[in-house]
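What follows is the content of work_29.tsv (TSV, C-alpha atoms).
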```tsv
chain	number	residue	atom	x	y	z
A	1451	MET	CA	38.62	10.20	14.86
A	1452	ALA	CA	39.41	6.53	14.26
A	1453	GLY	CA	36.53	5.52	16.53
A	1454	PHE	CA	34.20	7.78	14.59
A	1455	LEU	CA	35.27	6.23	11.28
A	1456	ARG	CA	34.77	2.74	12.68
A	1457	SER	CA	31.28	3.73	13.78
A	1458	MET	CA	30.53	5.11	10.33
A	1459	ILE	CA	31.74	1.88	8.71
A	1460	GLN	CA	29.31	-0.01	10.92
A	1461	VAL	CA	26.45	2.39	10.22
A	1462	LEU	CA	26.79	2.72	6.44
A	1463	PRO	CA	25.72	-0.87	5.60
A	1464	ILE	CA	22.57	-0.29	7.66
A	1465	PHE	CA	22.06	2.99	5.84
A	1466	PHE	CA	22.30	1.38	2.42
A	1467	PHE	CA	19.91	-1.37	3.53
A	1468	LEU	CA	17.39	1.23	4.65
A	1469	VAL	CA	17.71	3.14	1.39
A	1470	LEU	CA	17.06	-0.03	-0.57
A	1471	GLN	CA	13.85	-0.52	1.42
A	1472	HIS	CA	12.58	2.66	-0.24
A	1473	SER	CA	13.21	1.31	-3.73
A	1474	GLN	CA	11.28	-1.45	-5.47
A	1475	ALA	CA	12.53	-2.93	-8.72
A	1476	ILE	CA	10.18	-5.75	-9.60
A	1477	ARG	CA	9.43	-7.84	-12.64
A	1478	PHE	CA	6.15	-9.59	-13.42
A	1479	ASP	CA	4.28	-11.19	-16.32
A	1480	ILE	CA	0.99	-9.98	-17.80
A	1481	ALA	CA	-1.35	-12.34	-19.63
A	1482	PRO	CA	-2.92	-11.05	-22.89
A	1483	ALA	CA	-6.28	-10.63	-21.18
A	1484	GLY	CA	-5.02	-10.02	-17.66
A	1485	THR	CA	-4.20	-7.09	-15.38
A	1486	LYS	CA	-1.46	-6.80	-12.77
A	1487	CYS	CA	-1.44	-4.18	-10.03
A	1488	VAL	CA	1.26	-3.08	-7.61
A	1489	SER	CA	0.42	-0.97	-4.57
A	1490	GLU	CA	2.42	0.87	-1.94
A	1491	ASP	CA	1.21	2.36	1.32
A	1492	LEU	CA	2.68	5.89	1.44
A	1493	GLN	CA	2.29	8.88	3.70
A	1494	THR	CA	1.85	12.48	2.59
A	1495	ASN	CA	4.67	14.58	1.13
A	1496	THR	CA	6.55	11.52	-0.15
A	1497	LEU	CA	8.46	11.84	-3.43
A	1498	VAL	CA	7.68	9.00	-5.85
A	1499	LEU	CA	9.50	8.19	-9.09
A	1500	ALA	CA	8.91	5.17	-11.31
A	1501	ASN	CA	10.01	3.78	-14.65
A	1502	TYR	CA	8.45	0.80	-16.38
A	1503	HIS	CA	9.09	-1.02	-19.63
A	1504	ILE	CA	8.41	-4.27	-21.44
A	1505	VAL	CA	11.32	-6.70	-21.26
A	1506	LYS	CA	12.08	-7.39	-24.90
A	1507	ALA	CA	14.41	-10.32	-24.23
A	1508	ASP	CA	11.51	-12.58	-23.20
A	1509	LEU	CA	9.40	-11.96	-26.31
A	1510	PRO	CA	9.23	-14.07	-29.47
A	1511	HIS	CA	11.02	-12.66	-32.48
A	1512	GLY	CA	8.89	-10.07	-34.27
A	1513	SER	CA	6.50	-9.46	-31.34
A	1514	ASN	CA	5.69	-5.87	-30.55
A	1515	PRO	CA	3.31	-5.81	-27.56
A	1516	LYS	CA	1.97	-2.62	-26.05
A	1517	ILE	CA	0.64	-1.96	-22.57
A	1518	ASN	CA	-1.65	0.44	-20.78
A	1519	ALA	CA	-0.79	1.83	-17.37
A	1520	ARG	CA	-2.81	3.64	-14.73
A	1521	LEU	CA	-1.76	5.00	-11.34
A	1522	THR	CA	-4.46	5.90	-8.81
A	1523	SER	CA	-4.39	7.62	-5.44
A	1524	PRO	CA	-5.96	6.15	-2.26
A	1525	TYR	CA	-9.20	7.97	-3.12
A	1526	GLY	CA	-9.28	6.79	-6.74
A	1527	THR	CA	-7.86	9.88	-8.45
A	1528	THR	CA	-5.92	9.03	-11.62
A	1529	LEU	CA	-2.39	10.42	-11.28
A	1530	HIS	CA	-0.91	8.82	-14.38
A	1531	PHE	CA	-2.43	7.14	-17.43
A	1532	ALA	CA	-0.72	5.91	-20.57
A	1533	GLU	CA	-1.91	3.60	-23.31
A	1534	ASN	CA	-0.35	1.79	-26.23
A	1535	LYS	CA	3.19	2.14	-24.79
A	1536	ASP	CA	6.15	-0.18	-24.39
A	1537	GLU	CA	7.72	2.02	-21.70
A	1538	GLY	CA	6.85	4.99	-19.54
A	1539	GLN	CA	7.49	6.82	-16.30
A	1540	PHE	CA	5.74	8.89	-13.67
A	1541	GLY	CA	6.74	11.09	-10.78
A	1542	PHE	CA	4.81	13.01	-8.14
A	1543	THR	CA	4.70	14.01	-4.49
A	1544	THR	CA	1.93	12.41	-2.48
A	1545	THR	CA	-0.82	14.62	-1.10
A	1546	GLU	CA	-2.85	11.79	0.48
A	1547	ALA	CA	-1.81	9.01	2.83
A	1548	GLY	CA	-2.75	5.47	1.87
A	1549	ASN	CA	-2.34	2.87	-0.89
A	1550	TYR	CA	-1.17	4.13	-4.27
A	1551	MET	CA	-1.88	1.52	-6.94
A	1552	ALA	CA	-0.24	1.12	-10.34
A	1553	CYS	CA	-2.07	-1.25	-12.72
A	1554	PHE	CA	-0.83	-2.58	-16.07
A	1555	TRP	CA	-2.67	-4.48	-18.79
A	1556	MET	CA	-2.06	-5.42	-22.41
A	1557	HIS	CA	-3.13	-3.00	-25.11
A	1558	SER	CA	-2.34	-5.28	-28.03
A	1559	HIS	CA	-0.49	-8.52	-28.56
A	1560	ALA	CA	-0.83	-10.21	-31.91
A	1561	ASP	CA	0.93	-13.43	-30.80
A	1562	ASN	CA	-1.36	-13.87	-27.78
A	1563	VAL	CA	1.56	-14.58	-25.42
A	1564	PRO	CA	2.29	-12.95	-22.06
A	1565	ALA	CA	4.82	-10.15	-21.75
A	1566	SER	CA	7.15	-9.31	-18.86
A	1567	ILE	CA	7.19	-5.84	-17.35
A	1568	GLU	CA	9.96	-4.41	-15.22
A	1569	LEU	CA	8.91	-1.68	-12.79
A	1570	ASP	CA	11.49	0.39	-10.92
A	1571	TRP	CA	9.49	2.16	-8.22
A	1572	LYS	CA	11.41	4.52	-5.91
A	1573	PHE	CA	10.05	6.66	-3.13
A	1574	GLY	CA	11.28	8.77	-0.27
A	1575	VAL	CA	15.03	9.01	0.18
A	1576	ALA	CA	15.78	6.67	-2.75
A	1577	ALA	CA	13.85	8.92	-5.15
A	1578	LYS	CA	15.90	12.03	-4.45
A	1579	ASP	CA	18.49	13.24	-6.94
A	1580	TRP	CA	21.49	13.14	-4.64
A	1581	ALA	CA	23.89	14.22	-7.35
A	1582	SER	CA	22.01	17.51	-7.75
A	1583	ILE	CA	21.75	17.95	-3.97
A	1584	ALA	CA	25.47	17.37	-3.56
A	1585	LYS	CA	26.27	19.89	-6.30
A	1586	LYS	CA	23.85	22.50	-4.98
A	1587	GLU	CA	24.90	22.25	-1.33
A	1588	LYS	CA	28.56	21.51	-2.16
A	1589	LEU	CA	28.59	18.20	-0.32
A	1590	GLU	CA	31.00	15.40	-1.03
A	1591	GLY	CA	32.25	12.17	0.47
A	1592	LEU	CA	31.35	11.60	4.07
A	1593	GLU	CA	29.28	14.82	4.28
A	1594	LEU	CA	26.96	13.55	1.55
A	1595	GLU	CA	26.60	10.16	3.22
A	1596	LEU	CA	25.78	11.84	6.53
A	1597	ARG	CA	23.17	13.98	4.80
A	1598	ARG	CA	21.61	10.87	3.27
A	1599	LEU	CA	21.69	9.14	6.64
A	1600	GLU	CA	19.98	12.14	8.22
A	1601	ASP	CA	17.21	11.96	5.63
A	1602	VAL	CA	16.86	8.21	6.20
A	1603	VAL	CA	16.51	8.75	9.95
A	1604	ASP	CA	13.91	11.49	9.38
A	1605	SER	CA	12.06	9.20	6.98
A	1606	ILE	CA	12.06	6.35	9.49
A	1607	ARG	CA	10.81	8.64	12.25
A	1608	GLU	CA	7.99	9.94	10.05
A	1609	GLU	CA	7.15	6.36	9.04
A	1610	MET	CA	6.97	5.35	12.71
A	1611	TYR	CA	4.66	8.26	13.46
A	1612	TYR	CA	2.54	7.29	10.47
A	1613	LEU	CA	2.34	3.66	11.61
A	1614	ARG	CA	1.52	4.78	15.14
A	1615	ASP	CA	-1.35	6.92	13.86
A	1616	LYS	CA	-2.62	4.06	11.69
A	1617	GLU	CA	-2.41	1.67	14.63
A	1618	ALA	CA	-4.39	4.11	16.79
A	1619	GLU	CA	-6.96	4.46	14.01
A	1620	MET	CA	-7.25	0.69	13.61
A	1621	ARG	CA	-7.51	0.24	17.37
A	1622	GLY	CA	-10.36	2.74	17.43
A	1623	VAL	CA	-12.12	0.92	14.61
A	1624	ASN	CA	-11.65	-2.42	16.40
A	1625	GLU	CA	-13.00	-1.05	19.67
A	1626	THR	CA	-16.02	0.44	17.89
A	1627	THR	CA	-16.63	-2.81	16.02
A	1628	ASN	CA	-16.32	-4.87	19.21
A	1629	ALA	CA	-18.79	-2.59	20.98
A	1630	ARG	CA	-21.27	-2.88	18.12
A	1631	VAL	CA	-20.89	-6.67	18.03
A	1632	ALA	CA	-21.43	-6.84	21.78
A	1633	TRP	CA	-24.61	-4.75	21.55
A	1634	PHE	CA	-25.81	-6.80	18.58
A	1635	SER	CA	-25.23	-10.01	20.56
A	1636	ILE	CA	-27.16	-8.63	23.54
A	1637	MET	CA	-30.04	-7.52	21.31
A	1638	SER	CA	-30.05	-10.90	19.53
A	1639	LEU	CA	-30.16	-12.73	22.86
A	1640	PHE	CA	-32.96	-10.47	24.13
A	1641	LEU	CA	-34.91	-11.05	20.91
A	1642	CYS	CA	-34.44	-14.84	21.21
A	1643	LEU	CA	-35.70	-14.75	24.80
A	1644	MET	CA	-38.72	-12.68	23.75
A	1645	VAL	CA	-39.54	-15.11	20.93
A	1646	ALA	CA	-39.14	-18.10	23.30
A	1647	ALA	CA	-41.42	-16.45	25.87
A	1648	TRP	CA	-44.00	-15.68	23.19
A	1649	GLN	CA	-43.89	-19.30	21.95
A	1650	LEU	CA	-44.40	-20.61	25.49
A	1651	TRP	CA	-47.31	-18.25	26.03
A	1652	HIS	CA	-48.84	-19.25	22.68
A	1653	LEU	CA	-48.50	-22.98	23.42
A	1654	LYS	CA	-49.96	-22.54	26.89
A	1655	SER	CA	-52.95	-20.64	25.45
A	1656	TYR	CA	-53.43	-23.31	22.78
A	1657	PHE	CA	-53.37	-26.16	25.28
A	1658	GLU	CA	-55.78	-24.30	27.58
A	1659	ARG	CA	-58.23	-23.77	24.72
A	1660	LYS	CA	-58.03	-27.46	23.82
A	1661	LYS	CA	-58.44	-28.25	27.55
A	1662	ILE	CA	-55.26	-30.26	27.48
A	1663	LEU	CA	-53.91	-28.39	30.48
```

Rewrite the structure from the file as structure tokens, please.
Amino acid sequence: MAGFLRSMIQVLPIFFFLVLQHSQAIRFDIAPAGTKCVSEDLQTNTLVLANYHIVKADLPHGSNPKINARLTSPYGTTLHFAENKDEGQFGFTTTEAGNYMACFWMHSHADNVPASIELDWKFGVAAKDWASIAKKEKLEGLELELRRLEDVVDSIREEMYYLRDKEAEMRGVNETTNARVAWFSIMSLFLCLMVAAWQLWHLKSYFERKKIL
């Protein structure tokens, strides 16, 4: 039992590190006439939760900026759109694999100064409501941590499969591109040889007509 607990103590820091990899809390500035986008490459059936808001502490006294926000799927479908807001949130489960992009831009800013936005973007294991899961399945303490760890391992395995499939897809694209480039090079070389042969024939005919040869 003591050996098991020692193993768990060694594993838990890794577990928490992996969970944090599924959560992105970032902060960035938006110029009055600019747009900032954040994207994440996600696979299908991934839970996504996000909250965003304007950081008031960085604004001049009396400023009341508003922002617009749009979230699009890999195929350009709008999953979330909000305008004239100082905060908002969105949540969904992915149905397509690829880059999901969240873009933010200023709706109004009378003082013409940039504003800071804080985006807390969670997905996968980090997005789950573990308090509700623990209450529903009557898990507590080490049991709950083991359940989280199990989900992390499943998530990593699915991510590895996803990356493997993407690598195979990219390898296929590279092989097809290389084959096309090779054929294009061969055709270009053949065309150059044909043009050179035609030029030689034309020059020879010209010199023969002028009785130079």

Quiz item: Residues at most 9 Å from Asn1501 of chain A, counting only C-alpha atoms, excluding those fewer than 6 positions away in the same chain, as a PyMOL selection string?
Solution: chain A and resi 1537-1541+1568-1572

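Between atom CA of Met1551 of chain A and atom CA of Glu1608 of chain A there is a distance of 21.4 Å.
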
Exercise. Find, counting only C-alpha atoms, the residue in A:Ser1513, A:Gln1493, A:Leu1650, A:Ala1577 that gets nearest to Ile1606 of chain A.
Key: A:Gln1493

Exercise. Extract, using all atoms listed in the file, all DNA, RNA and protein residues at most 8 Å from Glu1490 of chain A, discarding same-chain residues fewer than 6 positions from it, and format them as a PyMOL selection string.
Key: chain A and resi 1548-1551

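Pairwise distance (atom CA of Lys1506 of chain A, atom CA of Val1563 of chain A) equals 12.8 Å.
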
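For the residues A:Thr1494, A:Ile1504, A:Leu1589, A:Thr1627, ranking by smallest atom-to-atom distance to Ser1566 of chain A using all atoms listed in the file places A:Ile1504 first.
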
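Ranking A:Leu1592, A:Arg1607, A:Leu1613, A:Arg1520 by their shortest atom-to-atom distance to Leu1492 of chain A, with all atoms listed in the file included, puts A:Leu1613 first.
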
How would segment 1625-1636 of chain A read, as a PDB file, in the coordinates of the input, once all heavy atoms are built in?
```
ATOM      1  N   GLU A1625     -12.215  -1.254  18.452  1.00  0.00           N
ATOM      2  CA  GLU A1625     -13.000  -1.050  19.670  1.00  0.00           C
ATOM      3  C   GLU A1625     -14.454  -0.721  19.336  1.00  0.00           C
ATOM      4  O   GLU A1625     -15.379  -1.225  19.978  1.00  0.00           O
ATOM      5  CB  GLU A1625     -12.375   0.067  20.505  1.00  0.00           C
ATOM      6  CG  GLU A1625     -11.025  -0.314  21.113  1.00  0.00           C
ATOM      7  CD  GLU A1625     -10.362   0.839  21.835  1.00  0.00           C
ATOM      8  OE1 GLU A1625     -10.910   1.972  21.749  1.00  0.00           O
ATOM      9  OE2 GLU A1625      -9.309   0.624  22.467  1.00  0.00           O
ATOM     10  N   THR A1626     -14.648   0.117  18.302  1.00  0.00           N
ATOM     11  CA  THR A1626     -16.020   0.440  17.890  1.00  0.00           C
ATOM     12  C   THR A1626     -16.740  -0.789  17.367  1.00  0.00           C
ATOM     13  O   THR A1626     -17.909  -1.041  17.698  1.00  0.00           O
ATOM     14  CB  THR A1626     -15.992   1.526  16.804  1.00  0.00           C
ATOM     15  OG1 THR A1626     -15.338   2.700  17.309  1.00  0.00           O
ATOM     16  CG2 THR A1626     -17.407   1.903  16.382  1.00  0.00           C
ATOM     17  N   THR A1627     -16.034  -1.594  16.559  1.00  0.00           N
ATOM     18  CA  THR A1627     -16.630  -2.810  16.020  1.00  0.00           C
ATOM     19  C   THR A1627     -16.968  -3.794  17.125  1.00  0.00           C
ATOM     20  O   THR A1627     -18.058  -4.399  17.121  1.00  0.00           O
ATOM     21  CB  THR A1627     -15.674  -3.472  15.011  1.00  0.00           C
ATOM     22  OG1 THR A1627     -15.372  -2.536  13.966  1.00  0.00           O
ATOM     23  CG2 THR A1627     -16.291  -4.712  14.405  1.00  0.00           C
ATOM     24  N   ASN A1628     -16.060  -3.952  18.098  1.00  0.00           N
ATOM     25  CA  ASN A1628     -16.320  -4.870  19.210  1.00  0.00           C
ATOM     26  C   ASN A1628     -17.529  -4.416  20.020  1.00  0.00           C
ATOM     27  O   ASN A1628     -18.346  -5.244  20.448  1.00  0.00           O
ATOM     28  CB  ASN A1628     -15.092  -4.956  20.116  1.00  0.00           C
ATOM     29  CG  ASN A1628     -13.935  -5.685  19.458  1.00  0.00           C
ATOM     30  OD1 ASN A1628     -14.142  -6.482  18.543  1.00  0.00           O
ATOM     31  ND2 ASN A1628     -12.720  -5.419  19.913  1.00  0.00           N
ATOM     32  N   ALA A1629     -17.636  -3.103  20.231  1.00  0.00           N
ATOM     33  CA  ALA A1629     -18.790  -2.590  20.980  1.00  0.00           C
ATOM     34  C   ALA A1629     -20.090  -2.844  20.225  1.00  0.00           C
ATOM     35  O   ALA A1629     -21.103  -3.253  20.811  1.00  0.00           O
ATOM     36  CB  ALA A1629     -18.610  -1.091  21.242  1.00  0.00           C
ATOM     37  N   ARG A1630     -20.063  -2.645  18.916  1.00  0.00           N
ATOM     38  CA  ARG A1630     -21.270  -2.880  18.120  1.00  0.00           C
ATOM     39  C   ARG A1630     -21.638  -4.359  18.112  1.00  0.00           C
ATOM     40  O   ARG A1630     -22.819  -4.711  18.191  1.00  0.00           O
ATOM     41  CB  ARG A1630     -21.049  -2.373  16.695  1.00  0.00           C
ATOM     42  CG  ARG A1630     -20.980  -0.855  16.593  1.00  0.00           C
ATOM     43  CD  ARG A1630     -20.707  -0.407  15.166  1.00  0.00           C
ATOM     44  NE  ARG A1630     -20.684   1.041  15.067  1.00  0.00           N
ATOM     45  CZ  ARG A1630     -20.397   1.702  13.949  1.00  0.00           C
ATOM     46  NH1 ARG A1630     -20.089   1.023  12.839  1.00  0.00           N
ATOM     47  NH2 ARG A1630     -20.398   3.021  13.940  1.00  0.00           N
ATOM     48  N   VAL A1631     -20.615  -5.229  18.003  1.00  0.00           N
ATOM     49  CA  VAL A1631     -20.890  -6.670  18.030  1.00  0.00           C
ATOM     50  C   VAL A1631     -21.456  -7.087  19.369  1.00  0.00           C
ATOM     51  O   VAL A1631     -22.388  -7.910  19.440  1.00  0.00           O
ATOM     52  CB  VAL A1631     -19.589  -7.455  17.717  1.00  0.00           C
ATOM     53  CG1 VAL A1631     -19.767  -8.942  17.979  1.00  0.00           C
ATOM     54  CG2 VAL A1631     -19.173  -7.230  16.271  1.00  0.00           C
ATOM     55  N   ALA A1632     -20.923  -6.504  20.452  1.00  0.00           N
ATOM     56  CA  ALA A1632     -21.430  -6.840  21.780  1.00  0.00           C
ATOM     57  C   ALA A1632     -22.894  -6.424  21.922  1.00  0.00           C
ATOM     58  O   ALA A1632     -23.734  -7.193  22.415  1.00  0.00           O
ATOM     59  CB  ALA A1632     -20.581  -6.155  22.857  1.00  0.00           C
ATOM     60  N   TRP A1633     -23.228  -5.213  21.478  1.00  0.00           N
ATOM     61  CA  TRP A1633     -24.610  -4.750  21.550  1.00  0.00           C
ATOM     62  C   TRP A1633     -25.526  -5.586  20.651  1.00  0.00           C
ATOM     63  O   TRP A1633     -26.660  -5.901  21.012  1.00  0.00           O
ATOM     64  CB  TRP A1633     -24.715  -3.281  21.174  1.00  0.00           C
ATOM     65  CG  TRP A1633     -24.400  -2.359  22.308  1.00  0.00           C
ATOM     66  CD1 TRP A1633     -23.293  -1.579  22.464  1.00  0.00           C
ATOM     67  CD2 TRP A1633     -25.201  -2.140  23.469  1.00  0.00           C
ATOM     68  NE1 TRP A1633     -23.338  -0.883  23.633  1.00  0.00           N
ATOM     69  CE2 TRP A1633     -24.510  -1.196  24.280  1.00  0.00           C
ATOM     70  CE3 TRP A1633     -26.423  -2.634  23.906  1.00  0.00           C
ATOM     71  CZ2 TRP A1633     -25.014  -0.756  25.496  1.00  0.00           C
ATOM     72  CZ3 TRP A1633     -26.934  -2.198  25.127  1.00  0.00           C
ATOM     73  CH2 TRP A1633     -26.229  -1.273  25.904  1.00  0.00           C
ATOM     74  N   PHE A1634     -25.016  -5.960  19.483  1.00  0.00           N
ATOM     75  CA  PHE A1634     -25.810  -6.800  18.580  1.00  0.00           C
ATOM     76  C   PHE A1634     -26.065  -8.169  19.215  1.00  0.00           C
ATOM     77  O   PHE A1634     -27.178  -8.709  19.103  1.00  0.00           O
ATOM     78  CB  PHE A1634     -25.067  -6.965  17.256  1.00  0.00           C
ATOM     79  CG  PHE A1634     -25.782  -7.859  16.280  1.00  0.00           C
ATOM     80  CD1 PHE A1634     -26.881  -7.394  15.568  1.00  0.00           C
ATOM     81  CD2 PHE A1634     -25.349  -9.162  16.072  1.00  0.00           C
ATOM     82  CE1 PHE A1634     -27.538  -8.215  14.663  1.00  0.00           C
ATOM     83  CE2 PHE A1634     -26.000  -9.983  15.173  1.00  0.00           C
ATOM     84  CZ  PHE A1634     -27.105  -9.514  14.470  1.00  0.00           C
ATOM     85  N   SER A1635     -25.051  -8.719  19.895  1.00  0.00           N
ATOM     86  CA  SER A1635     -25.230 -10.010  20.560  1.00  0.00           C
ATOM     87  C   SER A1635     -26.267  -9.909  21.677  1.00  0.00           C
ATOM     88  O   SER A1635     -27.110 -10.801  21.841  1.00  0.00           O
ATOM     89  CB  SER A1635     -23.891 -10.497  21.130  1.00  0.00           C
ATOM     90  OG  SER A1635     -22.932 -10.646  20.098  1.00  0.00           O
ATOM     91  N   ILE A1636     -26.199  -8.823  22.453  1.00  0.00           N
ATOM     92  CA  ILE A1636     -27.160  -8.630  23.540  1.00  0.00           C
ATOM     93  C   ILE A1636     -28.580  -8.491  22.977  1.00  0.00           C
ATOM     94  O   ILE A1636     -29.534  -9.098  23.483  1.00  0.00           O
ATOM     95  CB  ILE A1636     -26.778  -7.398  24.375  1.00  0.00           C
ATOM     96  CG1 ILE A1636     -25.462  -7.654  25.115  1.00  0.00           C
ATOM     97  CG2 ILE A1636     -27.894  -7.049  25.358  1.00  0.00           C
ATOM     98  CD1 ILE A1636     -24.902  -6.446  25.826  1.00  0.00           C
TER      99      ILE A1636
END
```
